[in-house]
Structures are given as structure tokens and as C-alpha cells.
Amino acid sequence: MPESRANSTNPWLVLAVLTTGFFMIMLDTTIVNVAIPAMSAGLNTTLDQILWVLNSYILVYAVLLITAGRLGDLYGQRTLFAIGLAIFTVASALCGFAQDANQLIVARILQGVGGALLTPQTLAILTSLFPPDRRGAAFGIWAGVAGLATLAGPTLGGAIVTYIDWRWIFFVNVPIGVAALVATFAIIPDLRPGRRHGWDILGVILATGGLFGMIFGLIEGERFNWGEIGSYVITIPEVIAAGAVLLVLFVIWERYQPEPLVPLSLFEERNFAVANWMAAAIAFGMMSLFLPIVIYLQSVRDFTALTAGLTLAPMSLTSMVVAPFAGRLADRIGGKYILMTGVLVFAVGFGTLTFVAGPDSTWINFLVPAIVAGAGMGMTFAPMTTVAMRNISPRMAGAASGVLNTTRQVGAAVGSAIVGALLQNRLAITLHDQAVSHAAALPAAYRDQFVKAFSSVAANGFQIGTGQNGAKLPAGLPAGVQQQLTALAHDVFVSAYIDAMKQTLVLPIAVLALTAFTALLIRRRPRVQSEATAREEVRAAAG
């Protein structure tokens with residue numbers, strides 16, 4: 001691309017187009033959650049099938065990010081951004097028109113492919129267009145959009161499901177995607193690396209297979225009780241172990257490649273390595289919060305999908321407002337202490353939100369904790385991205401962006417899997433304890449039946465947003481006894497779930513608190529590059 005075109009490009013217009021596409025991708029990681037009951041009824045499908053509507057997107061999206069980042073280095077970031085945006089837009093329309101669960105799952109897989117192709121290109125293009133001393137503000141806006149999309153999904157999805165139809169959570173992407181695609185070719189410059197890269201086929205196979213095994217095992221482990229997968233002889237631990245072995249082989253293979261898929265030299269840059277760890281931990285914490293709290297709001301407090309989403313909305317709005325300021329401040333003083341403060345504030349808000357959750361809590365009880373948590377998140381995304389990408393040359397930006405986004409998605413998958421498993425484990429214990437305690441109010445003849453009714457509730461799993469209220473109680477009892485059992489069952493479930501949730505969330509809160517102090521490992525930022533040096537970077541990226 002001619003240098004005059006690169007120099008004449010308004011980077012802020014480019015940022016607007018990139019964040020529009022990125023917003024749709026991130027939104028679809030959470031917006032589907034609150035639509036599960038409506039989709040299940042509309043497609044007349046089972047819970048296991050409908051859960052794959054969620055997991056297929058996350059799985060494909062996560063395993064292809066590294067490869068997609070390298071494809072951007074090979075063929076140009078704008079080209080891959082446009083291809084990803086087009087695939088995602090078409091796939092969104094197919095999701096909306098799906099007539100059964102299988103069609104919807106296939107369309108969601110296609111969405112994951114499009115999202116994976118698009119996402120790494122956003123940071124790579126921004127790294128090429130913005131000089132190092134101005135990237136913080138740009139990354140701040142990018143990060144604010146990421147946080148907004150991730151947390152606004154339940155709110156927007158709840159409104160669409162409540163007032164329109166679940167299919168429109170996909171249809172709304174179509175006009176936005178078409179407009180963004182037109183703007184891509186009109187506004188985004190075609191930046192390309194200064195030389196051609198090789199293509200590491202075996203690296204792609206090892207990385208994709210390893211990530212698939214690890215993430216599939218973590219997502220599906222609880223459903224298969226961490227044992228055999230259906231009628232197959234292979235078990236979940238074996239799948240995870242196989243994925244780990246492939247990733248080890250991938251690292252060994254990459255060490256000896258002249259053109260590796262993931263240049264391991266990236267991790268020799270301490271700030272990049274620390275930022276990747278923090279990205280995984282923050283995603284771990286955010287997804288850990290989302291799963292139990294959304295179940296609590298809809299199943300324990302009986303909030304509608306829209307009300308549950310609005311309860312969490314202050315978190316996303318605060319994050320969106322704070323992120324650009326945090327990014328600009330990171331440009332001036334560096335990201336180390338902003339990042340450490342942000343993660344600590346997020347942990348405090350997270351912990352307070354968990355603490356105030358009770359059997360009679362209303363949305364007002366969560367307002368201040370949500371704002372605090374949102375402020376913390378707003379202070380983490382931009383400095384974290386700035387720290388990770390500041391010293392990465394535009395030539396390596398695609399690979400670095402793919403690694404950073406993959407790390408975040410793996411952290412989210414691990415967080416969802418571990419917290420989901422821990423929640424069910426604690427719930428099995430608290431349900432029994434609460435059932436024994438409440439059974440004392442029943443006639444002696446019905447106490448054992450009442451306690452036994454809760455023995456398998458945790459193993460049955462939970463449907464987000466369905467308003468689960470307890471165990472399946474024995475039928476054929478006198479009307480008065482049945483009414484008393486139903487009322488007690490609701491009380492048992494409410495008390496047990498709150499206890500189990502609070503015990504479970506101790507883990508991610510502790511992880512976040514410890515992660516905050518790893519920011520101290522970040523090296524002091526280098527002296528700001530001159531404008532001439534910045535222009536040289538852009539010239540190198542433009543070829």
C-alpha cells in the first residue's frame with residue numbers, strides 16, 4: 001500500500017470500524033445465554049443440544065485465533081478482517097433462520113470461524129496505525145468496547161427475547177455487519193508486512209488439536225461427569241491430557257522453526273508474558289462471576305431475563321466510560337500501577353457483589369458493587385493491552401494479537417468450567433444440609449422422602465434463566481403436605497444455592513487478588529519513541 005494512503009488515513013475512523021466488527025463478535029459470546037429457554041422451546045430441543053449452541057461458538061473461536069493472527073500477517077490484516085466479518089454476518093443470518101438445533105449449531109460454528117478470523121486483526125491494525133505513545137487511548141476504546149459487549153450481552157439479549165423474538169439476537173448482526181464491511185474497504189488501509197512469512201502447517205495442526213482437546217474437555221467435563229464420553233472408550237481426562245501433549249509438542253516444534261506460527265520470542269518480552277497471564281486471569285474472573293450470578297438472579301430471585309441483564313448493566317456502562325481514560329493515563333505514566341489497581345478494584349467489586357447477594361436482594365443492592373467492579377474492569381483492559389502490545393513491532397502484531405486473544409478465551413473457558421464444576425460440587429453438599437435442616441418442620445413420615453428428593457439435583461445441571469426452584473418432589477401426597485413440601489423445597493434451594501455460590505466465588509476472587517500483584521513484574525515502559533520512529537513503524541507495516 002502506498003505510504004501516502006497510510007499517512008492520510010484517519011486512525012480514529014479506522015478504530016470506529018474495527019470496534020464495530022469486534023463488538024458483534026464479543027457480544028455473541030454472552031448474548032445467547034439468556035435466550036436458552038426461548039431457543040429450546042422454539043426449536044423443540046434438549047438441553048444438551050442447546051448448550052452446544054453456546055459451546056460450539058466458544059470452542060471454534062478459541063482454537064482458531066492463533067492461526068487467524070498468522071493468516072493476517074501472511075495475507076494482510078484488512079483482508080482477513082473483511083473475510084471474517086463477511087463470514088460472521090452470513091452465519092448470523094443462518095442462525096436466525098435455523099429450523100432445528102443441528103442447523104443452529106452448524107451456523108454457530110461458522111460464526112466462530114468468522115469471529116476468529118476477525119478478532120486478531122483489530123489489535124494488529126491498531127498497532128500498525130497508532131504510534132506507541134498514542135496506542136493506550138486507542139486500546140482503551142477497544143477495551144471499553146470489549147468489556148461493554150461482553151457484559152451488555154445479557155441486557156441486550158434479555159430485551160430482544162422479551163420484546164421481539166430470540167431469532168433477532170442474530171438478525172441484528174446482519175445490517176451492522178454489511179455496513180461495517182462496506183466501511184472496511186472505504187476506510188481501513190491495506191497494511192501488509194514488509195516481507196512474506198512462511199506457513200507452518202504442522203504448527204497449525206498441533207495448536208488447533210491441542211487447544212481443541214483442552215477446551216473441549218474443560219467445557220464438557222461436567223456434563224460427562226469427568227468420565228467416558230458417551231459410548232466412546234475415551235474419557236474427558238484423556239482428552240484433556242491429549243490436548244496438553246499436543247500443546248507441549250507444539251511448543252517443542254515451534255522452537256526449531258524459522259517461521260513459527262507463534263514466535264516464542266514474543267514471550268521473551270516480559271511485559272507481553274505478564275500481560276498474557278493477567279488477560280487469562282481477568283477472563284477467568286469475569287466468566288466465573290457471570291455464570292453463578294446470572295443463575296442466581298433468574299433462578300433464585302426470579303428476575304426476568306431483561307431485569308437480570310439490567311442489574312448487571314452498570315458494570316458494563318462504567319467499564320465503557322473508564323476504559324478510554326485509563327488508556328490515555330497509561331500512555332502518560334505507564335500501565336503497571338493502573339493495571340494493578342484495576343484488578344484489585346475489580347476483585348473488591350466482585351467480592352462485594354457476592355457478599356450482598358441474599359434471598360431478598362433487589363437490583364439496588366447490586367448497583368454500587370456493579371459500578372465498582374465495572375470501574376476495575378475499565379482500568380484493566382486498556383493498560384493490559386497497552387503493556388502487551390507496546391513493544392511488539394507491527395511485523396509481529398498479528399501473531400501477538402492472536403496469542404493475547406487466545407489466552408483470554410482459554411482463561412474464560414477454564415473459569416467457566418472450573419467454577420461450574422465447583423458450584424455443582426458445593427451445591428450437592430449445601431442442598432443436602434439445607435434439606436436436612438428444613439425437614440425438621442415436616443411430619444416425621446415425610447422427612448426422609450424430602451431429603452432424598454434433593455440428592456440428584458446438582459447432577460442434573462442448571463439452565464441459565466429458567467428459574468429452577470428445587471427438586472422433583474414425590475407425587476400422590478395429600479394436598480396440604482404437597483403444598484408444604486413445595487414451599488420448603490423452594491426455601492431449601494434458595495438457601496443452598498446462595499451458600500454454594502458464595503463458597504464457590506471465593507476461588508476467582510482470590511485468583512484476581514493474587515493476579516493484581518503480578519503487575520509488579522511489568523518492566524518500566526521505554527522512553528516514548530519519536531514521531532520519526534513511529535512513521536518508520538507504519539512505513540514498515542505498509543511495505
# chains A, B, ... in the order shown; residues from 1 in each chain; ligands from 1
$ select_by_dssp --residues "region 119-315 of chain A" --states "helix (DSSP H, G or I)" --output "PyMOL selection string"
chain A and resi 119-129+132-163+168-171+173-187+201-220+236-255+264-268+270-300+305-315
$ residues_around --residues "region 316-322 of chain A" --least-positions-apart "2" --cutoff "10 Å" --atoms "only C-alpha atoms" --output "PyMOL selection string"
chain A and resi 140-153+155+312-314+324-327+370-382
$ closest_residue --among "A:Thr184, A:Met214, A:Phe139, A:Thr29" --to "Leu13 (chain A)" --atoms "only C-alpha atoms"
A:Thr184
$ closest_atom_pairs --of "region 353-445 of chain A" --to "region 124-136 of chain A" --cutoff "6 Å" --atoms "only C-alpha atoms" --output "Markdown table"
| residue | atom | partner | partner_atom | distance |
| --- | --- | --- | --- | --- |
| A:Thr386 | CA | A:Gly136 | CA | 5.5 |
| A:Arg390 | CA | A:Pro132 | CA | 5.9 |
| A:Pro394 | CA | A:Ser128 | CA | 5.1 |
| A:Ala397 | CA | A:Ala124 | CA | 4.7 |
| A:Gly398 | CA | A:Ala124 | CA | 4.9 |
$ closest_residue --among "A:Pro175, A:Gly285, A:Gly42, A:Pro11" --to "Val419 (chain A)" --atoms "only C-alpha atoms"
A:Gly285
